[in-house]
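Next up, model00.cif (mmCIF, C-alpha atoms):
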data_run
#
loop_
_atom_site.label_atom_id
_atom_site.label_comp_id
_atom_site.auth_asym_id
_atom_site.auth_seq_id
_atom_site.Cartn_x
_atom_site.Cartn_y
_atom_site.Cartn_z
CA MET O 1379 -2.13 12.97 26.76
CA ASP O 1380 1.64 12.54 26.79
CA LEU O 1381 3.10 11.09 23.60
CA PRO O 1382 6.52 9.53 22.92
CA GLU O 1383 8.96 12.05 21.48
CA GLY O 1384 9.07 11.94 17.69
CA THR O 1385 6.04 9.67 17.36
CA GLY O 1386 4.47 9.55 13.94
CA PHE O 1387 1.12 8.85 15.57
CA GLY O 1388 0.20 12.18 17.07
CA ILE O 1389 -3.16 13.88 17.16
CA GLY O 1390 -2.81 14.93 13.52
CA ASN O 1391 -2.70 11.33 12.30
CA LEU O 1392 -5.28 9.06 14.03
CA PRO O 1393 -5.14 6.02 11.71
CA LEU O 1394 -7.70 3.25 12.05
CA GLY O 1395 -7.11 -0.48 12.40
CA VAL O 1396 -8.63 -3.71 13.73
CA PHE O 1397 -7.19 -5.56 16.71
CA LEU O 1398 -7.61 -8.55 19.01
CA GLY O 1399 -6.47 -8.84 22.62
CA GLY O 1400 -5.72 -6.20 25.18
CA GLY O 1401 -8.03 -8.03 27.59
CA ARG O 1402 -11.03 -7.35 25.32
CA PRO O 1403 -13.24 -10.04 23.73
CA GLY O 1404 -13.55 -10.27 19.97
CA PHE O 1405 -12.53 -7.92 17.22
CA ARG O 1406 -12.33 -4.20 17.97
CA HIS O 1407 -11.68 -1.13 15.85
CA GLY O 1408 -8.86 1.00 17.19
CA VAL O 1409 -7.21 4.37 16.68
CA ARG O 1410 -3.42 4.54 17.00
CA ILE O 1411 -2.18 7.37 19.23
CA GLY O 1412 1.48 7.30 20.21
CA ASP O 1413 2.31 3.82 21.50
CA ARG O 1414 -1.31 3.07 22.42
CA VAL O 1415 -4.54 1.98 20.75
CA LEU O 1416 -7.87 3.57 21.63
CA ASP O 1417 -10.62 0.92 21.74
CA LEU O 1418 -13.41 2.57 19.76
CA PHE O 1419 -16.09 0.06 20.70
CA ALA O 1420 -15.40 0.52 24.40
CA VAL O 1421 -15.61 4.30 24.12
CA THR O 1422 -18.58 4.57 21.75
CA GLY O 1423 -20.56 1.41 22.48
CA LEU O 1424 -21.40 1.21 18.76
CA PRO O 1425 -21.50 -2.35 17.33
CA VAL O 1426 -20.07 -1.05 14.04
CA HIS O 1427 -16.72 -0.77 15.89
CA ALA O 1428 -16.75 -4.40 17.05
CA THR O 1429 -16.43 -6.11 13.67
CA GLY O 1430 -13.60 -8.02 11.99
CA THR O 1431 -13.02 -5.32 9.37
CA LEU O 1432 -13.42 -1.56 9.10
CA ASP O 1433 -15.79 -2.03 6.16
CA PRO O 1434 -19.11 -1.57 8.06
CA PHE O 1435 -17.85 1.79 9.31
CA LEU O 1436 -16.20 2.87 6.05
CA VAL O 1437 -19.40 2.37 4.04
CA ALA O 1438 -21.00 5.22 6.03
CA GLY O 1439 -18.95 7.70 4.01
CA PRO O 1440 -17.06 10.95 4.51
CA GLY O 1441 -19.55 12.53 6.92
CA ALA O 1442 -19.18 9.66 9.39
CA TRP O 1443 -15.39 9.60 8.93
CA ARG O 1444 -15.18 13.31 9.66
CA THR O 1445 -17.43 13.08 12.71
CA LEU O 1446 -15.42 10.23 14.23
CA ARG O 1447 -12.16 12.07 13.63
CA GLU O 1448 -13.53 15.17 15.38
CA GLN O 1449 -14.83 13.09 18.29
CA VAL O 1450 -11.55 11.22 18.78
CA THR O 1451 -9.59 14.47 18.65
CA GLU O 1452 -11.86 15.91 21.36
CA TRP O 1453 -11.63 12.77 23.51
CA LEU O 1454 -7.84 12.73 23.36
CA THR O 1455 -7.29 16.45 23.96
CA GLY O 1456 -10.13 17.43 26.28
CA VAL O 1457 -9.30 17.10 29.99
CA ARG O 1458 -12.94 16.43 30.83
CA HIS O 1459 -12.85 13.18 28.83
CA ARG O 1460 -9.79 11.74 30.57
CA ALA O 1461 -11.62 9.46 33.02
CA ARG O 1462 -13.77 8.07 30.23
CA VAL O 1463 -10.98 7.52 27.70
CA GLU O 1464 -7.84 6.51 29.63
CA PRO O 1465 -9.04 3.00 30.64
CA HIS O 1466 -9.46 2.21 26.96
CA LEU O 1467 -6.00 3.29 25.79
CA LEU O 1468 -4.26 -0.06 25.38
CA PRO O 1469 -0.48 -0.56 25.01
CA ILE O 1470 0.29 -1.39 21.40
CA ASP O 1471 2.38 -4.43 22.39
CA GLU O 1472 -0.62 -6.00 24.18
CA VAL O 1473 -2.81 -6.27 21.09
CA ARG O 1474 -2.56 -8.22 17.84
CA MET O 1475 -3.28 -6.25 14.71
CA CYS O 1476 -5.47 -7.83 12.03
CA ARG O 1477 -6.02 -7.17 8.35
CA PRO O 1478 -8.06 -3.97 8.60
CA ILE O 1479 -10.34 -4.40 5.57
CA GLY O 1480 -12.25 -7.16 3.83
CA VAL O 1481 -10.58 -6.65 0.41
CA PRO O 1482 -13.48 -7.75 -1.81
CA ASN O 1483 -11.37 -6.55 -4.75
CA TYR O 1484 -7.69 -5.75 -5.23
CA VAL O 1485 -6.15 -3.78 -8.11
CA ASP O 1486 -2.45 -3.16 -8.63
CA PHE O 1487 -1.25 -0.31 -10.83
CA TYR O 1488 2.03 0.51 -12.60
CA SER O 1489 2.28 4.21 -11.86
CA SER O 1490 5.95 5.07 -11.35
CA LYS O 1491 7.55 6.35 -14.54
CA ALA O 1492 11.05 5.62 -13.21
CA HIS O 1493 10.07 2.04 -12.35
CA ALA O 1494 8.38 1.45 -15.69
CA GLN O 1495 11.41 2.82 -17.52
CA ASN O 1496 13.82 0.72 -15.47
CA VAL O 1497 11.84 -2.45 -16.20
CA GLY O 1498 11.50 -1.53 -19.88
CA ARG O 1499 15.25 -1.03 -20.26
CA LEU O 1500 15.90 -4.42 -18.65
CA PHE O 1501 13.53 -6.37 -20.88
CA ARG O 1502 13.30 -4.21 -24.03
CA PRO O 1503 16.77 -2.64 -24.33
CA ASP O 1504 16.37 -1.81 -28.03
CA ALA O 1505 12.90 -0.26 -27.78
CA ASP O 1506 11.13 2.57 -26.02
CA PRO O 1507 11.15 1.46 -22.36
CA LEU O 1508 7.56 2.65 -21.88
CA PRO O 1509 4.80 0.77 -23.72
CA PRO O 1510 2.72 2.96 -26.09
CA ASN O 1511 -0.24 3.19 -23.69
CA TRP O 1512 1.75 4.09 -20.55
CA ARG O 1513 1.58 7.89 -20.88
CA HIS O 1514 -2.14 7.80 -21.65
CA LEU O 1515 -3.61 5.68 -18.85
CA PRO O 1516 -2.74 4.17 -15.47
CA ILE O 1517 -1.93 0.57 -16.38
CA GLY O 1518 -3.27 -1.92 -13.84
CA TYR O 1519 -4.50 -5.45 -13.30
CA HIS O 1520 -6.90 -7.19 -10.92
CA GLY O 1521 -4.95 -9.16 -8.33
CA ARG O 1522 -6.01 -11.98 -6.04
CA ALA O 1523 -7.92 -10.36 -3.16
CA GLY O 1524 -7.99 -13.54 -1.05
CA THR O 1525 -4.23 -13.59 -0.58
CA VAL O 1526 -3.91 -10.04 0.76
CA VAL O 1527 -2.61 -10.46 4.34
CA VAL O 1528 -1.70 -8.22 7.25
CA SER O 1529 1.86 -7.22 8.05
CA GLY O 1530 3.79 -9.87 9.98
CA THR O 1531 2.31 -12.80 8.05
CA PRO O 1532 5.19 -14.95 6.72
CA VAL O 1533 5.44 -15.45 2.96
CA VAL O 1534 6.00 -19.03 1.83
CA ARG O 1535 8.29 -19.22 -1.20
CA PRO O 1536 5.94 -20.08 -4.08
CA CYS O 1537 6.41 -22.83 -6.63
CA GLY O 1538 5.46 -22.85 -10.27
CA GLN O 1539 6.68 -23.15 -13.83
CA LEU O 1540 10.06 -21.43 -14.02
CA GLY O 1541 10.53 -20.86 -17.72
CA PRO O 1542 10.38 -22.36 -21.18
CA PRO O 1543 10.88 -26.10 -21.71
CA THR O 1544 14.43 -27.36 -21.57
CA GLY O 1545 13.69 -30.93 -22.57
CA GLY O 1546 10.04 -31.44 -23.29
CA LEU O 1547 8.46 -29.89 -20.21
CA PRO O 1548 8.94 -26.55 -18.46
CA PRO O 1549 11.03 -26.72 -15.28
CA PHE O 1550 8.96 -26.65 -12.09
CA GLY O 1551 9.93 -25.77 -8.53
CA PRO O 1552 10.38 -22.98 -6.00
CA THR O 1553 10.99 -19.52 -7.37
CA ALA O 1554 14.64 -18.52 -7.43
CA ARG O 1555 13.76 -14.86 -8.01
CA LEU O 1556 11.52 -13.86 -5.12
CA ASP O 1557 11.23 -10.08 -5.03
CA LEU O 1558 9.69 -7.29 -2.99
CA GLU O 1559 7.71 -4.34 -4.32
CA ALA O 1560 7.42 -1.20 -2.18
CA GLU O 1561 3.97 0.28 -2.78
CA VAL O 1562 1.31 2.53 -1.27
CA GLY O 1563 -2.25 1.26 -1.08
CA PHE O 1564 -5.56 3.13 -0.98
CA VAL O 1565 -8.67 1.89 0.83
CA VAL O 1566 -12.11 2.46 -0.67
CA GLY O 1567 -14.80 3.37 1.85
CA ALA O 1568 -17.94 4.77 0.24
CA PRO O 1569 -18.91 2.61 -2.75
CA SER O 1570 -19.82 3.72 -6.26
CA GLU O 1571 -22.77 2.39 -8.22
CA PRO O 1572 -22.49 0.18 -11.32
CA GLY O 1573 -22.23 2.40 -14.36
CA GLU O 1574 -21.08 5.38 -12.28
CA ARG O 1575 -17.76 7.08 -12.97
CA VAL O 1576 -15.76 8.54 -10.09
CA PRO O 1577 -14.12 11.80 -11.28
CA VAL O 1578 -10.63 12.77 -10.12
CA ALA O 1579 -12.12 15.52 -7.95
CA ASP O 1580 -14.10 12.96 -5.91
CA LEU O 1581 -11.25 10.83 -4.54
CA ALA O 1582 -11.90 11.90 -0.93
CA GLU O 1583 -15.61 11.13 -1.32
CA HIS O 1584 -14.84 7.46 -1.87
CA VAL O 1585 -11.36 6.69 -0.51
CA PHE O 1586 -10.91 6.70 3.26
CA GLY O 1587 -7.15 6.49 3.50
CA ALA O 1588 -3.77 5.03 2.63
CA CYS O 1589 -1.58 2.17 3.84
CA LEU O 1590 1.66 0.45 2.90
CA VAL O 1591 1.80 -2.56 0.57
CA ASN O 1592 4.43 -5.13 -0.38
CA ASP O 1593 3.28 -6.90 -3.53
CA TRP O 1594 5.68 -9.85 -3.40
CA SER O 1595 6.68 -11.11 -6.85
CA ALA O 1596 8.16 -14.31 -8.25
CA ARG O 1597 10.03 -12.89 -11.22
CA ASP O 1598 10.82 -16.20 -12.95
CA LEU O 1599 7.20 -17.37 -12.77
CA GLN O 1600 6.10 -13.94 -13.93
CA ALA O 1601 8.47 -13.79 -16.91
CA TRP O 1602 7.25 -17.13 -18.28
CA GLU O 1603 3.51 -16.61 -17.79
CA TYR O 1604 2.77 -12.92 -18.32
CA GLN O 1605 2.49 -12.82 -22.11
CA PRO O 1606 -0.11 -12.12 -23.37
CA LEU O 1607 -2.45 -11.72 -20.37
CA GLY O 1608 -0.21 -10.26 -17.67
CA PRO O 1609 0.55 -11.17 -14.03
CA PHE O 1610 -0.94 -14.31 -12.53
CA LEU O 1611 0.84 -16.87 -10.32
CA GLY O 1612 3.95 -14.69 -10.11
CA LYS O 1613 1.92 -12.19 -8.08
CA SER O 1614 -1.11 -13.97 -6.64
CA PHE O 1615 0.57 -16.02 -3.88
CA GLN O 1616 0.68 -13.12 -1.39
CA THR O 1617 0.32 -9.36 -1.01
CA SER O 1618 1.04 -7.79 2.39
CA MET O 1619 -0.53 -4.61 3.76
CA SER O 1620 0.14 -2.56 6.87
CA PRO O 1621 -2.45 -2.75 9.68
CA TRP O 1622 -3.04 1.00 10.01
CA VAL O 1623 -5.02 3.03 7.47
CA VAL O 1624 -3.99 6.69 7.55
CA PRO O 1625 -7.00 8.89 6.69
CA LEU O 1626 -6.77 11.11 3.62
CA ALA O 1627 -8.01 13.81 6.01
CA ALA O 1628 -4.65 13.61 7.79
CA LEU O 1629 -2.63 14.06 4.60
CA GLY O 1630 -3.45 17.68 3.72
CA ALA O 1631 0.12 18.86 4.39
CA ALA O 1632 1.46 16.00 2.27
CA ARG O 1633 -0.43 16.93 -0.91
CA VAL O 1634 1.86 18.08 -3.72
CA PRO O 1635 1.50 18.53 -7.49
CA PRO O 1636 2.43 15.38 -9.42
CA PRO O 1637 5.38 15.47 -11.83
CA ALA O 1638 4.89 17.31 -15.09
CA ARG O 1639 3.07 15.12 -17.61
CA ASP O 1640 4.78 14.76 -20.98
CA THR O 1641 1.66 14.13 -23.04
CA GLU O 1642 -1.91 15.48 -23.12
CA LEU O 1643 -4.46 13.46 -21.16
CA LEU O 1644 -8.07 12.65 -21.91
CA PRO O 1645 -10.49 14.88 -19.97
CA TYR O 1646 -11.43 12.24 -17.37
CA LEU O 1647 -7.77 11.99 -16.24
CA ARG O 1648 -6.97 15.70 -16.13
CA ASP O 1649 -6.30 16.84 -12.57
CA ASP O 1650 -4.93 20.37 -12.94
CA GLY O 1651 -7.54 21.78 -10.57
CA ASP O 1652 -7.36 19.06 -7.91
CA PRO O 1653 -3.99 17.28 -7.88
CA TRP O 1654 -3.45 14.36 -5.52
CA GLY O 1655 0.31 13.88 -5.53
CA LEU O 1656 1.49 12.87 -2.05
CA ASP O 1657 4.85 13.57 -0.44
CA LEU O 1658 5.44 10.20 1.24
CA ALA O 1659 8.98 9.04 2.01
CA LEU O 1660 9.30 5.24 1.97
CA GLU O 1661 12.16 3.17 3.37
CA VAL O 1662 12.83 -0.46 2.45
CA ARG O 1663 14.89 -2.75 4.68
CA ILE O 1664 16.07 -6.33 4.37
CA ASN O 1665 16.84 -7.88 7.76
CA GLY O 1666 16.81 -4.42 9.28
CA GLN O 1667 19.33 -3.03 6.79
CA LEU O 1668 18.28 -0.06 4.67
CA VAL O 1669 18.39 -0.77 0.94
CA SER O 1670 16.38 2.08 -0.60
CA ARG O 1671 14.30 5.22 0.00
CA PRO O 1672 11.59 5.39 -2.69
CA PRO O 1673 9.89 8.82 -3.01
CA PHE O 1674 6.15 8.60 -3.59
CA ARG O 1675 5.91 12.26 -4.63
CA ASP O 1676 7.48 11.30 -7.98
CA MET O 1677 4.61 8.98 -8.98
CA TYR O 1678 3.35 9.91 -12.45
CA TRP O 1679 -0.21 8.68 -11.90
CA THR O 1680 -2.01 9.73 -8.70
CA PRO O 1681 -4.58 7.74 -6.70
CA ALA O 1682 -7.31 10.09 -7.95
CA GLN O 1683 -6.43 9.24 -11.55
CA GLN O 1684 -6.20 5.56 -10.73
CA LEU O 1685 -9.70 5.52 -9.25
CA ALA O 1686 -11.06 7.59 -12.14
CA HIS O 1687 -9.59 5.12 -14.63
CA LEU O 1688 -10.72 2.09 -12.63
CA THR O 1689 -14.34 3.29 -12.83
CA VAL O 1690 -14.45 5.02 -16.22
CA ASN O 1691 -15.95 1.92 -17.83
CA GLY O 1692 -18.70 1.81 -15.20
CA ALA O 1693 -17.05 -0.71 -12.87
CA SER O 1694 -18.38 -0.19 -9.35
CA THR O 1695 -16.35 -0.08 -6.15
CA LEU O 1696 -17.09 -1.68 -2.78
CA PRO O 1697 -16.21 -0.73 0.80
CA GLY O 1698 -12.94 -2.30 1.88
CA GLU O 1699 -11.49 -2.57 -1.62
CA LEU O 1700 -7.76 -2.01 -2.00
CA PHE O 1701 -5.94 -0.50 -4.94
CA ALA O 1702 -2.18 -0.09 -4.90
CA SER O 1703 0.20 2.25 -6.65
CA GLY O 1704 2.57 -0.27 -8.13
CA THR O 1705 6.27 -0.22 -7.28
CA VAL O 1706 7.45 3.17 -6.03
CA SER O 1707 10.81 4.14 -7.53
CA GLY O 1708 12.74 7.36 -8.00
CA THR O 1709 15.30 8.31 -10.60
CA SER O 1710 18.45 7.23 -8.71
CA PRO O 1711 19.44 3.68 -7.66
CA GLU O 1712 19.08 4.42 -3.94
CA GLU O 1713 15.41 5.22 -4.66
CA TRP O 1714 14.43 2.01 -6.45
CA GLY O 1715 11.64 -0.03 -4.86
CA SER O 1716 12.37 -3.58 -6.06
CA LEU O 1717 15.31 -5.96 -6.24
CA LEU O 1718 14.54 -6.40 -9.94
CA GLU O 1719 15.82 -2.84 -10.37
CA LEU O 1720 18.40 -2.76 -7.57
CA THR O 1721 20.21 -5.84 -8.95
CA ALA O 1722 19.48 -5.37 -12.68
CA ASN O 1723 17.39 -8.55 -12.71
CA GLY O 1724 19.95 -10.44 -10.65
CA THR O 1725 23.02 -9.53 -12.72
CA ARG O 1726 24.49 -7.04 -10.20
CA PRO O 1727 24.32 -8.35 -6.62
CA LEU O 1728 23.28 -5.83 -3.97
CA THR O 1729 25.64 -5.57 -0.99
CA LEU O 1730 23.90 -5.10 2.36
CA ALA O 1731 25.37 -3.20 5.31
CA ASP O 1732 26.49 -6.44 6.98
CA GLY O 1733 28.53 -7.38 3.90
CA SER O 1734 26.15 -10.06 2.63
CA THR O 1735 24.84 -9.85 -0.92
CA ARG O 1736 21.48 -10.44 -2.54
CA THR O 1737 20.26 -10.82 -6.08
CA PHE O 1738 16.78 -11.82 -4.91
CA LEU O 1739 15.33 -12.74 -1.50
CA GLU O 1740 16.64 -15.75 0.41
CA ASP O 1741 14.77 -17.98 2.85
CA GLY O 1742 14.80 -16.39 6.28
CA ASP O 1743 14.99 -12.82 4.97
CA THR O 1744 12.62 -10.31 6.54
CA VAL O 1745 11.50 -7.38 4.40
CA SER O 1746 10.05 -4.30 6.07
CA ILE O 1747 8.70 -1.13 4.48
CA THR O 1748 7.95 2.05 6.42
CA ALA O 1749 6.86 5.54 5.40
CA THR O 1750 6.43 9.03 6.77
CA ALA O 1751 4.63 12.12 5.50
CA PRO O 1752 4.52 15.79 6.48
CA GLY O 1753 1.82 16.48 9.06
CA PRO O 1754 0.24 19.60 10.50
CA GLY O 1755 2.77 22.25 11.53
CA ASP O 1756 6.20 20.68 11.92
CA SER O 1757 4.89 17.21 12.73
CA SER O 1758 5.51 14.01 10.82
CA LEU O 1759 2.94 11.30 10.19
CA GLY O 1760 3.84 7.61 10.41
CA PHE O 1761 2.32 4.76 8.45
CA GLY O 1762 3.67 2.00 10.65
CA GLU O 1763 5.22 -0.93 8.84
CA VAL O 1764 4.46 -3.71 6.44
CA SER O 1765 6.78 -6.65 6.99
CA GLY O 1766 7.09 -10.34 6.28
CA GLN O 1767 9.64 -13.11 6.59
CA VAL O 1768 10.37 -15.50 3.73
CA LEU O 1769 9.79 -19.16 4.61
CA PRO O 1770 11.04 -22.11 2.53
CA ALA O 1771 8.81 -23.57 -0.16
CA ARG O 1772 6.58 -26.45 0.90
CA ALA O 1773 7.15 -29.83 -0.64
#
Please lay out the structure from this file as structure tokens.
Amino acid sequence: MDLPEGTGFGIGNLPLGVFLGGGRPGFRHGVRIGDRVLDLFAVTGLPVHATGTLDPFLVAGPGAWRTLREQVTEWLTGVRHRARVEPHLLPIDEVRMCRPIGVPNYVDFYSSKAHAQNVGRLFRPDADPLPPNWRHLPIGYHGRAGTVVVSGTPVVRPCGQLGPPTGGLPPFGPTARLDLEAEVGFVVGAPSEPGERVPVADLAEHVFGACLVNDWSARDLQAWEYQPLGPFLGKSFQTSMSPWVVPLAALGAARVPPPARDTELLPYLRDDGDPWGLDLALEVRINGQLVSRPPFRDMYWTPAQQLAHLTVNGASTLPGELFASGTVSGTSPEEWGSLLELTANGTRPLTLADGSTRTFLEDGDTVSITATAPGPGDSSLGFGEVSGQVLPARA
């Protein structure tokens, strides 16, 4: 089939999502190809592709994922399938994309060394910017799965306690330090059993693919509450994810070695024989204006190590779970993935291309994050977009 020039959704990509509309009743699973969506239920007739999440399909595991990918490739490239397939290729602007997975659990990591160092220098200027455990394990926390939403969902400015008491009680109100966090998420498909560890070599046996994540943060709420137990209300109000899940099977050309590690790792985290660094190029925009280009290839901890650490204590995984990388940042300011870093915690306003300035996000701002990766041959793979507009706090 003919594809738009420069599309990131060619035959080498084939991400999965869930949609409504297009003249079809109910939820449908779809494959993005160019500027169209292939209705999988209409083509296959399988009820597993007419559900509100991808989870019932993902639980079938790598064999089923591989078979579907081979079938879709054949349907889209074989002339003999044209009459069967073309009626079910729907224009992307005629469907509404939904959250693609059920998200029974959500974990957020802290895997960028540059980001961790930037944050450490801001808040612990006279100490080692990295906490003592950072080089030994992928630090993470369990987030609020129920507030993970699909791209395009507005984010209402959250309220909460804003700091220590100034006259008896802590101040309360809307956050004045609403931030973005450019991240990459990974979607679990095949589950693991309680007590079972998932080794780094088995990432592709359990994780179906990757998406984009914006883990919105209220920095003033976070600063007051996070000691000693870590993030809570400053993070739990909303996390946005992109609607398309790019299969790991599409990312072979994007695999790269991770950065050199500066300390020895325990055996369960060693990945010398099967590294899962990924060469993804992110772009962050505020109101359409580019503010940074975070490079995912610089992430110190890989998704394979994150999953290995998540399960090393015997914690099981479920289909449709999401775990995210944490803020993606590089070593130079134009590569930083949060306003916390870009504005030095609000002390150095960021000037946008239109001349306006930001320390943190204002009501009405729209944040969008996109990404590309090397594909087969000279092609480029797209991840679509995760976006959201900031709405005023509710009374």
In Å, with one decimal, what is the gap from atom CA of Leu1626 of chain O to atom CA of Tyr1678 of chain O?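 Straight-line distance from atom CA of Leu1626 of chain O to atom CA of Tyr1678 of chain O works out to 19.0 Å.
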With distances taken over only C-alpha atoms, which of O:Pro1625, O:Pro1609, O:Gly1742, O:Gly1439 is nearest to Gly1518 of chain O?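 Checking each of O:Pro1625, O:Pro1609, O:Gly1742, O:Gly1439 against Gly1518 of chain O, counting only C-alpha atoms, the winner is O:Pro1609.
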Please measure the separation of atom CA of Leu1739 of chain O and atom CA of Trp1714 of chain O, giving the value in Å to one decimal. 15.6 Å
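Candidate residues O:Arg1639, O:Arg1633, O:Arg1648, O:Arg1414 were compared for distance to Pro1465 of chain O, and the nearest is O:Arg1414, using all atoms listed in the file.
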For a quick check of understanding, using only C-alpha atoms, which of O:Arg1477, O:His1427, O:Lys1491, O:Arg1597 has the smallest distance to Trp1622 of chain O? O:Arg1477
Please work out which residues fall within 6 Å of (7.3, 9.7, -2.6), coordinates as given in the file, with all atoms listed in the file counting, and return them as a list in words. Asp1657, Leu1658, Ala1659, Pro1673, Phe1674, Arg1675 and Asp1676 of chain O
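The smallest atom-to-atom distance between Pro1569 of chain O and any of O:His1493, O:Arg1663, O:His1584, O:Arg1555, using only C-alpha atoms, is found for O:His1584.
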Ranking O:Leu1424, O:Leu1446, O:Met1379, O:Val1576 by minimum distance to Ile1411 of chain O and counting only C-alpha atoms, which one comes first?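 Looking only at the distances to Ile1411 of chain O, the closest residue turns out to be O:Met1379.
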When the PyMOL selection byres ((chain O and resi 1522) around 10) is applied to the structure above, which residues does it catch, written out as a list of chain:residue names?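 After applying the PyMOL selection byres ((chain O and resi 1522) around 10), what remains is O:Val1481, O:Pro1482, O:Asn1483, O:Tyr1484, O:Val1485, O:Asp1486, O:Tyr1519, O:His1520, O:Gly1521, O:Ala1523, O:Gly1524, O:Thr1525, O:Val1526, O:Phe1610, O:Leu1611, O:Lys1613, O:Ser1614, O:Phe1615, O:Gln1616, O:Thr1617.
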List the residues selected by the PyMOL selection byres ((chain O and resi 1455) around 12) in the file shown, writing them as a PDB file with C-alpha atoms, keeping the file's coordinate frame.
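Written out: expr.pdb:
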ATOM      1  CA  MET O1379      -2.130  12.970  26.760  1.00  0.00           C
ATOM      2  CA  ASP O1380       1.640  12.540  26.790  1.00  0.00           C
ATOM      3  CA  LEU O1381       3.100  11.090  23.600  1.00  0.00           C
ATOM      4  CA  GLY O1388       0.200  12.180  17.070  1.00  0.00           C
ATOM      5  CA  ILE O1389      -3.160  13.880  17.160  1.00  0.00           C
ATOM      6  CA  GLY O1390      -2.810  14.930  13.520  1.00  0.00           C
ATOM      7  CA  ILE O1411      -2.180   7.370  19.230  1.00  0.00           C
ATOM      8  CA  GLU O1448     -13.530  15.170  15.380  1.00  0.00           C
ATOM      9  CA  GLN O1449     -14.830  13.090  18.290  1.00  0.00           C
ATOM     10  CA  VAL O1450     -11.550  11.220  18.780  1.00  0.00           C
ATOM     11  CA  THR O1451      -9.590  14.470  18.650  1.00  0.00           C
ATOM     12  CA  GLU O1452     -11.860  15.910  21.360  1.00  0.00           C
ATOM     13  CA  TRP O1453     -11.630  12.770  23.510  1.00  0.00           C
ATOM     14  CA  LEU O1454      -7.840  12.730  23.360  1.00  0.00           C
ATOM     15  CA  GLY O1456     -10.130  17.430  26.280  1.00  0.00           C
ATOM     16  CA  VAL O1457      -9.300  17.100  29.990  1.00  0.00           C
ATOM     17  CA  ARG O1458     -12.940  16.430  30.830  1.00  0.00           C
ATOM     18  CA  HIS O1459     -12.850  13.180  28.830  1.00  0.00           C
ATOM     19  CA  ARG O1460      -9.790  11.740  30.570  1.00  0.00           C
ATOM     20  CA  VAL O1463     -10.980   7.520  27.700  1.00  0.00           C
ATOM     21  CA  GLU O1464      -7.840   6.510  29.630  1.00  0.00           C
TER      22      GLU O1464
END
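The closest residue to Val1585 of chain O, picked from O:Gly1698, O:Pro1621, O:Pro1509, O:Gly1692 and counting all atoms listed in the file, is O:Gly1698.
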Proximity of segment 1614-1713 of chain O to segment 1745-1763 of chain O: per-residue shortest pair, 10 Å limit, all atoms listed in the file, as a Markdown table:
| residue | atom | partner | partner_atom | distance |
| --- | --- | --- | --- | --- |
| O:Met1619 | CA | O:Glu1763 | CA | 8.5 |
| O:Ser1620 | CA | O:Glu1763 | CA | 5.7 |
| O:Pro1621 | CA | O:Gly1762 | CA | 7.8 |
| O:Trp1622 | CA | O:Phe1761 | CA | 6.7 |
| O:Val1623 | CA | O:Phe1761 | CA | 7.6 |
| O:Val1624 | CA | O:Phe1761 | CA | 6.7 |
| O:Ala1628 | CA | O:Gly1753 | CA | 7.2 |
| O:Leu1629 | CA | O:Gly1753 | CA | 6.7 |
| O:Gly1630 | CA | O:Gly1753 | CA | 7.6 |
| O:Ala1631 | CA | O:Gly1753 | CA | 5.5 |
| O:Ala1632 | CA | O:Pro1752 | CA | 5.2 |
| O:Arg1633 | CA | O:Pro1752 | CA | 9.0 |
| O:Leu1656 | CA | O:Ala1751 | CA | 8.2 |
| O:Asp1657 | CA | O:Ala1751 | CA | 6.1 |
| O:Leu1658 | CA | O:Ala1751 | CA | 4.7 |
| O:Ala1659 | CA | O:Ala1749 | CA | 5.3 |
| O:Leu1660 | CA | O:Ala1749 | CA | 4.2 |
| O:Glu1661 | CA | O:Thr1748 | CA | 5.3 |
| O:Val1662 | CA | O:Ile1747 | CA | 4.7 |
| O:Arg1663 | CA | O:Ser1746 | CA | 5.3 |
| O:Ile1664 | CA | O:Val1745 | CA | 4.7 |
| O:Asn1665 | CA | O:Val1745 | CA | 6.3 |
| O:Gly1666 | CA | O:Ser1746 | CA | 7.5 |
| O:Gln1667 | CA | O:Val1745 | CA | 9.3 |
| O:Leu1668 | CA | O:Ser1746 | CA | 9.4 |
| O:Ser1670 | CA | O:Ile1747 | CA | 9.8 |
| O:Arg1671 | CA | O:Ala1749 | CA | 9.2 |
| O:Pro1672 | CA | O:Ala1749 | CA | 9.4 |
| O:Pro1673 | CA | O:Ala1749 | CA | 9.5 |
| O:Phe1674 | CA | O:Ala1749 | CA | 9.5 |
Using only the atoms of segment 1514-1526 of chain O listed in the file, plus 5 Å on each side, state the axis-aligned box centre and edge lengths in Å rounded to one decimal, as JSON.
{"center_x": -5.0, "center_y": -2.9, "center_z": -10.4, "size_x": 16.1, "size_y": 31.4, "size_z": 32.4}
Interatomic distance, atom CA of Ser1703 of chain O to atom CA of Pro1637 of chain O (Å, one decimal): 15.1 Å
When the PyMOL selection byres ((chain O and resi 1557) around 7) is applied to the structure above, which residues does it catch, written out as number ranges by chain? O: 1555-1556, 1558-1559, 1594-1597, 1716-1718, 1738-1739
Mind checking which residues fall within 6 Å of Thr1737 of chain O, counting only C-alpha atoms, ignoring those fewer than 6 positions away in the same chain, and posting them as a list in words?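 Near neighbours after the sequence-gap exclusion: Thr1721, Gly1724 and Pro1727 of chain O.
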File of the preceding selection, C-alpha atoms, as a short mmCIF file (atom, residue, chain, number, x, y, z; two decimals), in the frame of the given file:
data_model
loop_
_atom_site.label_atom_id
_atom_site.label_comp_id
_atom_site.auth_asym_id
_atom_site.auth_seq_id
_atom_site.Cartn_x
_atom_site.Cartn_y
_atom_site.Cartn_z
CA THR O 1721 20.21 -5.84 -8.95
CA GLY O 1724 19.95 -10.44 -10.65
CA PRO O 1727 24.32 -8.35 -6.62
#
